[in-house]
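final_26.cif (mmCIF, C-alpha atoms)
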data_upload
#
loop_
_atom_site.label_atom_id
_atom_site.label_comp_id
_atom_site.auth_asym_id
_atom_site.auth_seq_id
_atom_site.Cartn_x
_atom_site.Cartn_y
_atom_site.Cartn_z
CA MET I 1 0.00 0.00 0.00
CA SER I 2 2.88 2.36 0.56
CA THR I 3 4.35 1.88 -2.94
CA PRO I 4 3.33 4.87 -5.04
CA GLU I 5 1.62 4.24 -8.39
CA PRO I 6 3.98 4.64 -11.35
CA SER I 7 3.20 8.06 -12.81
CA THR I 8 2.31 6.71 -16.26
CA GLU I 9 -0.35 4.31 -14.93
CA TRP I 10 -3.73 5.44 -13.73
CA PRO I 11 -4.85 3.98 -10.42
CA LEU I 12 -7.09 0.92 -10.43
CA TRP I 13 -10.64 1.13 -9.04
CA GLU I 14 -13.06 -1.60 -8.03
CA VAL I 15 -16.60 -1.04 -9.30
CA PHE I 16 -19.81 -1.94 -7.47
CA VAL I 17 -23.17 -1.59 -9.18
CA ARG I 18 -26.64 -1.78 -7.69
CA SER I 19 -29.15 -3.14 -10.19
CA LYS I 20 -32.70 -1.87 -10.42
CA ALA I 21 -34.14 -4.75 -8.45
CA GLY I 22 -31.08 -5.29 -6.27
CA LEU I 23 -30.85 -4.26 -2.65
CA ASP I 24 -27.08 -4.12 -2.38
CA HIS I 25 -24.20 -3.02 -4.58
CA LYS I 26 -22.44 -5.97 -6.17
CA HIS I 27 -18.84 -6.10 -7.30
CA CYS I 28 -18.79 -6.24 -11.10
CA GLY I 29 -15.19 -5.54 -12.10
CA SER I 30 -12.44 -2.97 -12.10
CA LEU I 31 -11.10 -0.19 -14.29
CA HIS I 32 -8.34 2.38 -14.54
CA ALA I 33 -9.18 6.05 -14.04
CA ALA I 34 -7.23 9.18 -13.21
CA ASP I 35 -9.39 10.18 -10.25
CA ALA I 36 -12.60 9.37 -8.39
CA LYS I 37 -14.91 11.51 -10.53
CA LEU I 38 -13.67 10.01 -13.78
CA ALA I 39 -13.77 6.55 -12.22
CA ILE I 40 -17.51 6.99 -11.62
CA GLN I 41 -18.05 8.29 -15.17
CA LEU I 42 -16.03 5.50 -16.77
CA ALA I 43 -17.77 2.91 -14.59
CA ARG I 44 -21.05 4.28 -15.91
CA ASP I 45 -19.79 3.87 -19.48
CA VAL I 46 -18.14 0.48 -19.03
CA TYR I 47 -20.40 -1.32 -16.55
CA ALA I 48 -23.81 0.38 -16.71
CA ARG I 49 -24.33 1.08 -20.41
CA ARG I 50 -26.80 -1.78 -20.85
CA GLN I 51 -29.19 -0.77 -18.07
CA GLU I 52 -27.26 -2.81 -15.52
CA GLY I 53 -27.73 -0.40 -12.68
CA ILE I 54 -29.06 2.69 -10.98
CA SER I 55 -26.24 3.36 -8.54
CA ILE I 56 -22.46 2.97 -8.68
CA TRP I 57 -19.71 2.83 -6.05
CA VAL I 58 -16.03 2.91 -6.89
CA VAL I 59 -13.27 2.12 -4.42
CA PRO I 60 -9.53 2.50 -4.98
CA SER I 61 -8.31 -1.08 -5.33
CA ASN I 62 -5.32 -0.41 -3.11
CA GLN I 63 -7.70 0.48 -0.26
CA ILE I 64 -9.14 -3.02 -0.17
CA VAL I 65 -7.62 -5.30 2.44
CA ALA I 66 -7.95 -8.92 1.38
CA SER I 67 -7.50 -12.18 3.20
CA ASP I 68 -4.29 -14.01 2.36
CA PRO I 69 -4.83 -16.98 0.03
CA GLY I 70 -2.16 -18.75 2.09
CA ASP I 71 -4.51 -18.62 5.07
CA LYS I 72 -7.28 -20.39 3.16
CA SER I 73 -6.84 -23.77 4.81
CA SER I 74 -6.79 -22.43 8.36
CA TYR I 75 -9.43 -19.75 7.78
CA PHE I 76 -12.09 -21.59 5.81
CA ASP I 77 -11.57 -25.35 5.73
CA PRO I 78 -12.49 -25.87 9.43
CA MET I 79 -16.06 -24.79 8.67
CA GLU I 80 -16.67 -27.83 6.46
CA ASP I 81 -17.80 -30.20 9.25
CA LYS I 82 -19.69 -27.74 11.45
CA VAL I 83 -23.19 -28.18 10.13
CA TYR I 84 -24.55 -27.33 13.59
CA ARG I 85 -23.73 -23.69 12.83
CA HIS I 86 -26.54 -23.67 10.30
CA PRO I 87 -29.88 -22.91 11.95
CA THR I 88 -31.52 -26.01 10.48
CA PHE I 89 -32.10 -27.96 13.67
CA TYR I 90 -34.89 -25.85 15.13
CA ALA I 91 -38.45 -27.09 15.12
CA LEU I 92 -40.39 -24.17 13.73
CA PRO I 93 -43.95 -23.28 14.74
CA ASP I 94 -46.47 -24.00 11.98
CA ALA I 95 -47.32 -20.34 11.71
CA LEU I 96 -43.87 -19.63 10.28
CA ASN I 97 -44.23 -20.77 6.72
CA HIS I 98 -41.66 -18.67 5.01
CA MET I 99 -38.40 -19.21 6.79
CA MET D 1 -23.73 2.71 -57.52
CA THR D 2 -27.01 3.87 -56.06
CA ALA D 3 -28.47 7.17 -57.16
CA SER D 4 -28.50 9.98 -54.63
CA VAL D 5 -31.70 11.04 -52.92
CA HIS D 6 -32.92 14.59 -52.54
CA PRO D 7 -34.31 15.65 -49.19
CA ARG D 8 -37.23 18.02 -48.72
CA GLN D 9 -36.05 21.59 -49.08
CA ASP D 10 -38.65 23.42 -47.00
CA ALA D 11 -37.48 25.41 -43.99
CA SER D 12 -38.73 22.99 -41.34
CA ALA D 13 -36.99 20.05 -43.04
CA GLN D 14 -33.79 22.07 -43.21
CA TYR D 15 -34.08 22.98 -39.54
CA LEU D 16 -34.42 19.29 -38.61
CA LEU D 17 -31.57 18.26 -40.92
CA ARG D 18 -29.24 20.83 -39.39
CA VAL D 19 -29.70 19.19 -35.99
CA ALA D 20 -29.76 15.63 -37.36
CA ASP D 21 -26.63 16.06 -39.49
CA THR D 22 -24.70 17.79 -36.72
CA CYS D 23 -25.37 14.72 -34.54
CA LEU D 24 -24.72 12.26 -37.37
CA ILE D 25 -21.41 13.70 -38.54
CA LEU D 26 -19.99 14.14 -35.02
CA GLY D 27 -21.10 10.56 -34.28
CA GLN D 28 -19.23 9.37 -37.38
CA ARG D 29 -16.12 11.35 -36.41
CA LEU D 30 -16.18 9.97 -32.86
CA SER D 31 -16.57 6.42 -34.16
CA GLU D 32 -13.09 6.84 -35.66
CA TRP D 33 -11.76 6.63 -32.10
CA CYS D 34 -13.11 3.11 -31.67
CA GLY D 35 -10.05 0.98 -30.96
CA HIS D 36 -7.76 4.04 -30.87
CA ALA D 37 -8.58 5.91 -27.65
CA PRO D 38 -5.80 6.32 -25.06
CA ILE D 39 -7.26 3.61 -22.81
CA ILE D 40 -10.00 1.04 -23.22
CA GLU D 41 -12.31 2.70 -20.67
CA GLU D 42 -12.30 5.97 -22.62
CA ASP D 43 -12.57 4.03 -25.88
CA ILE D 44 -15.89 2.68 -24.64
CA ALA D 45 -16.96 6.11 -23.35
CA LEU D 46 -16.29 7.77 -26.72
CA SER D 47 -18.07 4.98 -28.58
CA ASN D 48 -21.06 5.33 -26.25
CA THR D 49 -21.17 9.05 -27.05
CA ALA D 50 -20.93 8.32 -30.78
CA LEU D 51 -23.81 5.85 -30.52
CA ASP D 52 -25.93 8.32 -28.55
CA LEU D 53 -25.40 10.93 -31.27
CA ILE D 54 -26.16 8.49 -34.07
CA GLY D 55 -29.31 7.42 -32.21
CA GLN D 56 -30.43 11.04 -32.01
CA ALA D 57 -29.68 11.48 -35.71
CA ARG D 58 -31.69 8.37 -36.60
CA ALA D 59 -34.79 9.63 -34.82
CA LEU D 60 -34.50 13.06 -36.44
CA LEU D 61 -33.78 11.71 -39.93
CA THR D 62 -36.76 9.38 -39.74
CA HIS D 63 -38.88 12.35 -38.72
CA ALA D 64 -37.42 14.69 -41.35
CA GLY D 65 -37.79 12.10 -44.10
CA ARG D 66 -41.54 11.80 -43.73
CA SER D 67 -43.48 13.76 -46.25
CA GLU D 68 -47.19 14.47 -46.36
CA THR D 69 -47.18 14.96 -50.10
CA GLY D 70 -44.09 13.79 -51.95
CA LEU D 71 -41.88 10.75 -51.69
CA SER D 72 -40.84 9.74 -48.18
CA LEU D 73 -37.23 8.88 -47.43
CA ASP D 74 -36.09 6.64 -44.59
CA GLU D 75 -33.24 7.25 -42.15
CA ASP D 76 -30.74 5.15 -44.12
CA GLN D 77 -31.47 6.88 -47.40
CA LEU D 78 -31.03 10.28 -45.77
CA ALA D 79 -27.92 9.29 -43.85
CA PHE D 80 -26.11 7.50 -46.65
CA LEU D 81 -27.42 8.57 -50.03
CA ARG D 82 -27.38 12.36 -50.03
CA GLU D 83 -24.94 14.55 -51.91
CA GLU D 84 -22.49 16.57 -49.83
CA ARG D 85 -24.33 19.86 -50.43
CA HIS D 86 -27.47 18.39 -48.89
CA TYR D 87 -25.79 17.71 -45.53
CA LEU D 88 -26.58 20.62 -43.24
CA ASN D 89 -24.29 19.97 -40.25
CA VAL D 90 -22.23 22.81 -38.86
CA THR D 91 -18.63 22.72 -40.15
CA LEU D 92 -17.27 22.32 -36.59
CA VAL D 93 -18.28 18.65 -36.44
CA GLU D 94 -16.77 17.60 -39.77
CA LEU D 95 -13.22 18.73 -38.94
CA PRO D 96 -10.85 15.73 -38.68
CA ARG D 97 -10.81 14.14 -35.27
CA GLY D 98 -7.44 15.57 -34.27
CA ASP D 99 -5.79 14.48 -31.04
CA PHE D 100 -7.56 13.61 -27.80
CA ALA D 101 -7.51 17.22 -26.53
CA PHE D 102 -9.13 18.40 -29.76
CA THR D 103 -11.74 15.64 -29.51
CA VAL D 104 -12.85 16.33 -25.95
CA LEU D 105 -12.84 20.10 -26.44
CA ARG D 106 -15.01 19.83 -29.55
CA ASN D 107 -17.25 17.37 -27.72
CA VAL D 108 -17.88 19.78 -24.89
CA MET D 109 -18.53 22.64 -27.31
CA VAL D 110 -21.09 20.60 -29.26
CA ALA D 111 -22.63 18.91 -26.22
CA THR D 112 -23.14 22.27 -24.53
CA PHE D 113 -24.81 23.60 -27.67
CA LEU D 114 -26.98 20.50 -28.13
CA LYS D 115 -27.99 20.46 -24.47
CA LEU D 116 -29.27 24.03 -24.76
CA LEU D 117 -30.95 23.27 -28.08
CA TRP D 118 -32.63 20.06 -26.85
CA GLN D 119 -33.92 21.94 -23.79
CA ARG D 120 -35.70 24.36 -26.09
CA LEU D 121 -36.79 21.71 -28.60
CA ALA D 122 -38.43 19.78 -25.76
CA ARG D 123 -41.07 22.54 -25.89
CA SER D 124 -41.41 22.41 -29.69
CA SER D 125 -44.83 22.72 -31.32
CA ASP D 126 -43.84 19.53 -33.18
CA ALA D 127 -44.78 16.77 -30.70
CA GLU D 128 -42.42 14.17 -32.17
CA LEU D 129 -39.47 16.56 -32.11
CA ALA D 130 -40.32 17.46 -28.50
CA ALA D 131 -40.29 13.77 -27.56
CA ILE D 132 -36.93 13.17 -29.26
CA ALA D 133 -35.50 16.23 -27.49
CA GLY D 134 -36.79 15.15 -24.09
CA LYS D 135 -34.81 11.94 -24.36
CA ALA D 136 -31.73 13.45 -25.99
CA VAL D 137 -31.21 16.24 -23.46
CA LYS D 138 -30.31 13.67 -20.79
CA GLU D 139 -27.62 12.23 -23.04
CA ALA D 140 -26.27 15.68 -23.94
CA ARG D 141 -25.96 16.62 -20.25
CA TYR D 142 -23.73 13.62 -19.64
CA HIS D 143 -21.66 14.27 -22.78
CA GLN D 144 -21.10 17.84 -21.63
CA GLN D 145 -20.06 16.76 -18.14
CA HIS D 146 -17.73 13.98 -19.28
CA ALA D 147 -16.01 16.01 -22.01
CA GLY D 148 -15.83 19.11 -19.79
CA ASP D 149 -14.15 17.14 -17.01
CA TRP D 150 -11.56 15.97 -19.50
CA VAL D 151 -10.86 19.51 -20.69
CA LEU D 152 -10.24 20.53 -17.07
CA ARG D 153 -7.88 17.65 -16.47
CA LEU D 154 -5.92 18.18 -19.68
CA ALA D 155 -5.65 21.94 -19.13
CA ASP D 156 -4.47 21.32 -15.59
CA GLY D 157 -2.35 18.28 -16.45
CA THR D 158 1.15 18.14 -17.91
CA ALA D 159 2.83 20.85 -19.96
CA GLU D 160 2.09 18.82 -23.08
CA SER D 161 -1.60 18.24 -22.31
CA ARG D 162 -2.04 21.94 -21.61
CA GLN D 163 -0.27 22.96 -24.81
CA ARG D 164 -2.45 20.56 -26.83
CA THR D 165 -5.61 21.89 -25.20
CA GLU D 166 -4.60 25.48 -25.97
CA ALA D 167 -3.84 24.51 -29.58
CA ALA D 168 -7.22 22.80 -29.90
CA LEU D 169 -9.00 25.86 -28.53
CA ALA D 170 -7.22 28.10 -31.05
CA GLN D 171 -8.22 25.77 -33.89
CA LEU D 172 -11.83 25.18 -32.88
CA TRP D 173 -13.01 28.53 -31.59
CA ARG D 174 -13.29 30.14 -35.01
CA TYR D 175 -15.86 27.54 -36.07
CA THR D 176 -18.24 28.29 -33.20
CA PRO D 177 -19.83 31.55 -34.46
CA GLU D 178 -21.57 29.52 -37.18
CA LEU D 179 -23.64 27.85 -34.47
CA PHE D 180 -25.37 31.13 -33.69
CA GLU D 181 -25.82 32.70 -37.13
CA ASP D 182 -29.50 32.99 -38.00
CA ASP D 183 -31.09 32.89 -41.41
CA ALA D 184 -34.56 32.36 -42.91
CA VAL D 185 -34.64 28.76 -41.62
CA ASP D 186 -34.32 30.01 -38.03
CA GLU D 187 -36.90 32.73 -38.54
CA GLN D 188 -39.47 30.31 -39.84
CA ALA D 189 -38.79 27.79 -37.04
CA ALA D 190 -39.21 30.54 -34.46
CA ALA D 191 -42.43 31.72 -36.10
CA SER D 192 -43.98 28.25 -36.29
CA GLY D 193 -42.83 27.24 -32.81
CA LEU D 194 -40.76 24.38 -34.24
CA GLY D 195 -37.67 25.55 -32.37
CA PRO D 196 -35.58 28.52 -31.31
CA ARG D 197 -33.45 30.74 -33.51
CA TRP D 198 -29.99 29.32 -32.82
CA SER D 199 -28.75 32.83 -31.95
CA GLU D 200 -31.00 32.64 -28.86
CA LEU D 201 -28.70 29.95 -27.45
CA ARG D 202 -25.55 32.01 -27.77
CA GLU D 203 -25.64 33.76 -24.42
CA ASP D 204 -26.14 30.55 -22.41
CA TRP D 205 -23.53 28.72 -24.47
CA LEU D 206 -20.97 31.44 -23.84
CA ALA D 207 -21.83 31.37 -20.13
CA ASP D 208 -21.36 27.58 -19.87
CA MET D 209 -18.19 27.60 -21.94
CA GLY D 210 -16.89 30.67 -20.13
CA GLN D 211 -17.28 28.93 -16.80
CA LEU D 212 -15.38 25.88 -18.05
CA LEU D 213 -12.60 27.94 -19.64
CA THR D 214 -12.19 30.04 -16.50
CA GLU D 215 -11.96 26.93 -14.37
CA ALA D 216 -9.41 25.50 -16.80
CA GLN D 217 -7.55 28.84 -16.79
CA LEU D 218 -7.92 29.10 -20.54
CA SER D 219 -9.10 32.14 -22.40
CA ALA D 220 -11.26 32.19 -25.49
CA PRO D 221 -9.44 33.41 -28.59
CA LYS D 222 -10.47 36.75 -30.07
CA ASP D 223 -13.41 36.64 -32.47
CA SER D 224 -12.44 36.70 -36.12
CA ALA D 225 -14.33 37.62 -39.28
CA PHE D 226 -14.16 34.01 -40.50
CA ARG D 227 -17.55 32.29 -40.80
CA SER D 228 -17.97 28.63 -41.68
CA THR D 229 -21.12 27.73 -43.63
CA GLY D 230 -21.74 24.00 -43.19
CA LYS D 231 -25.35 24.37 -42.11
CA ARG D 232 -26.12 26.03 -45.43
CA GLY D 233 -24.58 23.03 -47.23
CA VAL D 234 -21.26 24.66 -48.09
CA HIS D 235 -18.66 22.53 -46.36
CA SER D 236 -14.95 22.32 -45.71
CA GLU D 237 -12.81 19.96 -47.77
CA HIS D 238 -13.08 17.38 -44.97
CA LEU D 239 -16.73 16.38 -45.30
CA GLY D 240 -16.36 14.75 -48.73
CA HIS D 241 -13.71 12.36 -47.42
CA LEU D 242 -15.85 11.51 -44.41
CA LEU D 243 -18.88 10.83 -46.62
CA THR D 244 -16.88 8.63 -48.97
CA GLU D 245 -16.15 6.29 -46.09
CA MET D 246 -19.56 6.62 -44.42
CA GLN D 247 -21.55 6.06 -47.62
CA HIS D 248 -19.40 3.32 -49.11
CA LEU D 249 -21.40 0.30 -47.94
CA GLN D 250 -24.84 1.67 -48.83
CA ARG D 251 -23.60 2.80 -52.23
CA SER D 252 -21.96 -0.56 -52.99
CA PHE D 253 -24.63 -2.79 -51.44
CA PRO D 254 -27.88 -0.84 -51.79
CA GLY D 255 -30.33 -1.53 -48.98
CA GLY D 256 -27.79 -3.72 -47.19
CA VAL D 257 -28.64 -4.45 -43.56
CA TRP D 258 -26.96 -6.46 -40.83
#
Can you dump the structure from the file as structure tokens?
Amino acid sequence: MSTPEPSTEWPLWEVFVRSKAGLDHKHCGSLHAADAKLAIQLARDVYARRQEGISIWVVPSNQIVASDPGDKSSYFDPMEDKVYRHPTFYALPDALNHM
Amino acid sequence: MTASVHPRQDASAQYLLRVADTCLILGQRLSEWCGHAPIIEEDIALSNTALDLIGQARALLTHAGRSETGLSLDEDQLAFLREERHYLNVTLVELPRGDFAFTVLRNVMVATFLKLLWQRLARSSDAELAAIAGKAVKEARYHQQHAGDWVLRLADGTAESRQRTEAALAQLWRYTPELFEDDAVDEQAAASGLGPRWSELREDWLADMGQLLTEAQLSAPKDSAFRSTGKRGVHSEHLGHLLTEMQHLQRSFPGGVW
């Protein structure tokens, strides 16, 4: 994160678009843009030109902190055999039809 | 070869063709950037703008081609089978695409003009024209914003981007007075309620452009006596070359569709 961008490369931005029916913004890709305002405009042109959305977020890619792929086995594999963490063992009252 | 078609010559048809051809020819010029823009994101943005303009031209050409009495012409015939003298776009839009600074500066000049024109045409006595304008003004607003933001960035960028922006301004400014020169076509449109005299848009255009140029710390060149005459059908040497390429397919494969 501390390495400055080379001056000839525009920074990379992650693009999130909320579709008409959607409740939340979904990640749909990334693009290069000189600054935040142009990133929004180019996201509109690249990712929303076919009526994909009604709202856009852009986030500088270097501001995203990601989990380390090397941690995958210790972070995620242990969940495989813990079915009891799913709320599927409760007897539901009949009145609750739509859970 | 397919024979050329002759559009209606009445004032209201000419008024519509001036708007339609200005959109069509700038759309064609911008399409030349497809695959050549500085980065792929802007390549898509410029192509989107070109397609918006061509869409606006299609609607207007379809409308202008309808005739109550004589032979009707469709959008393709009007777009691809007219002689150069029957294209009524302003000369500004037929100039070669130039570099990126030239392109975005011309785009903001034209988008600002079209935005103001569409706003007025949305109140046209011609219901179909008003409907086309109501849709187009939203597109023009975005074109103006996107191109204007680029002009700011280039003017405030590197020494080279600023020098190119200044050069583009010097080249383009002398073609802008044509936008606001009235003639009988404007008078009749104003009288019938079809649309404004284009001179009525001048003050607002200068205000919008003035604001952008001030922000970009650029100054408009001095006015000159030069007047381009594209909207009267008398064009620069550049339009013929553009038409040769644009008309080629329809001339060689008449009625071809894909």
Closest-contact table, chain I side, partner chain D, 8 Å, counting only C-alpha atoms, as JSON lines:
{"residue": "I:Leu31", "atom": "CA", "partner": "D:Glu41", "partner_atom": "CA", "distance": 7.1}
{"residue": "I:His32", "atom": "CA", "partner": "D:Glu41", "partner_atom": "CA", "distance": 7.3}
{"residue": "I:Leu38", "atom": "CA", "partner": "D:Asp149", "partner_atom": "CA", "distance": 7.8}
{"residue": "I:Gln41", "atom": "CA", "partner": "D:His146", "partner_atom": "CA", "distance": 7.0}
{"residue": "I:Leu42", "atom": "CA", "partner": "D:Glu41", "partner_atom": "CA", "distance": 6.1}
{"residue": "I:Asp45", "atom": "CA", "partner": "D:Ala45", "partner_atom": "CA", "distance": 5.3}
{"residue": "I:Val46", "atom": "CA", "partner": "D:Ile44", "partner_atom": "CA", "distance": 6.4}
{"residue": "I:Arg49", "atom": "CA", "partner": "D:Asn48", "partner_atom": "CA", "distance": 7.9}
**Request:** Name the closest residue to Leu129 of chain D among the candidates D:His248, D:Arg162, D:His63, D:Arg82; distances are taken between atoms, counting only C-alpha atoms.
**Result:** D:His63
**Message:** What's the separation between atom CA of Val234 of chain D and atom CA of Leu95 of chain D, in Å to one decimal place?
**Reply:**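 About the pair atom CA of Val234 of chain D and atom CA of Leu95 of chain D: they are 13.5 Å apart.
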**Item:** D:Thr176, D:Gln247, D:Gln56, D:Thr165 ranked by distance to Ala216 of chain D, top pick (using all atoms listed in the file)
**Value:**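 When distances to Ala216 of chain D are compared using all atoms listed in the file, the smallest one comes from D:Thr165.
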**Request:** Give as number ranges by chain the residues that the PyMOL selection byres ((chain D and resi 3) around 9) matches when applied to the coordinates above.
**Result:** D: 1-2, 4-5, 81-82, 251
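Taking atom CA of Val59 of chain I as the reference point, atom CA of Glu14 of chain I is found at 5.2 Å.
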**Asked** For the atom pair atom CA of Arg106 of chain D and atom CA of Ala122 of chain D, what is the interatomic distance in Å to one decimal place?
**Response**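 Distance between the two atoms: 23.7 Å.
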**Asked** Which residue gives the smallest distance to Thr8 of chain I among D:Trp118, D:Pro221, D:Pro38, D:Glu166, with all atoms listed in the file counted?
**Response**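 Smallest distance to Thr8 of chain I is found for D:Pro38.
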**Request:** Please provide as a VMD selection string all residues within 7 Å of Lys231 of chain D, with the sequence filter that same-chain residues fewer than 6 positions apart are discarded (counting only C-alpha atoms).
**Result:** chain D and resid 18 88 to 90
**Selection near Leu71 of chain D, 12 Å with only C-alpha atoms, sequence-local residues under 5 positions removed, as a ChimeraX atom specification** = /D:5-8,64-66,77
**Message:** Can you spell out as a ChimeraX atom specification the set of residues that the PyMOL selection byres ((chain I and resi 52) around 9) selects in the structure I just provided?
**Reply:** /I:17-20,47-51,53-54
With 5 Å on each side, where is the centre of the axis-aligned box around all listed atoms of segment 229-247 of chain D, and how long are its edges in Å to one decimal, as AutoDock Vina command-line options?
--center_x -19.5 --center_y 16.9 --center_z -45.5 --size_x 23.3 --size_y 31.7 --size_z 16.9
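Closest to Lys138 of chain D among D:Ala11, D:Met246, D:Leu26, D:Ala111 is D:Ala111, based on only C-alpha atoms.
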**Message:** Under the PyMOL selection byres ((chain D and resi 99) around 10), which residues of this model are included? Write them out as number ranges by chain.
**Reply:** D: 33, 37, 96-98, 100-104, 164-165, 168
**Request:** Go through I:Tyr90, I:Phe16, I:Ala21, I:Asn97 and flag the residue nearest Pro60 of chain I, using all atoms listed in the file for the distances.
**Result:**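 With all atoms listed in the file as the atom set, the closest residue is I:Phe16.
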When you look at Ile132 of chain D with a cut-off of 9 Å (counting all atoms listed in the file), what residues show up, excluding the ones that are within fewer than 2 positions of it in the same chain? I need them as a tab-separated table (two decimals) with C-alpha atoms, in the frame of the given file.
chain	number	residue	atom	x	y	z
D	56	GLN	CA	-30.43	11.04	-32.01
D	59	ALA	CA	-34.79	9.63	-34.82
D	60	LEU	CA	-34.50	13.06	-36.44
D	118	TRP	CA	-32.63	20.06	-26.85
D	121	LEU	CA	-36.79	21.71	-28.60
D	122	ALA	CA	-38.43	19.78	-25.76
D	127	ALA	CA	-44.78	16.77	-30.70
D	128	GLU	CA	-42.42	14.17	-32.17
D	129	LEU	CA	-39.47	16.56	-32.11
D	130	ALA	CA	-40.32	17.46	-28.50
D	134	GLY	CA	-36.79	15.15	-24.09
D	135	LYS	CA	-34.81	11.94	-24.36
D	136	ALA	CA	-31.73	13.45	-25.99
D	137	VAL	CA	-31.21	16.24	-23.46
**Request:** Excluding Ile64 of chain I and residues on its chain fewer than 6 positions from it, collect all residues at most 12 Å away from it, counting all atoms listed in the file, and give them as a list in words.
**Result:** Met1, Leu12, Trp13, Glu14, Val15 and Val58 of chain I
**Prompt:** Which residue gives the smallest distance to Ala191 of chain D among D:Ser252, D:Gly230, D:Val93, D:Ser12, with all atoms listed in the file counted?
**Reply:** D:Ser12
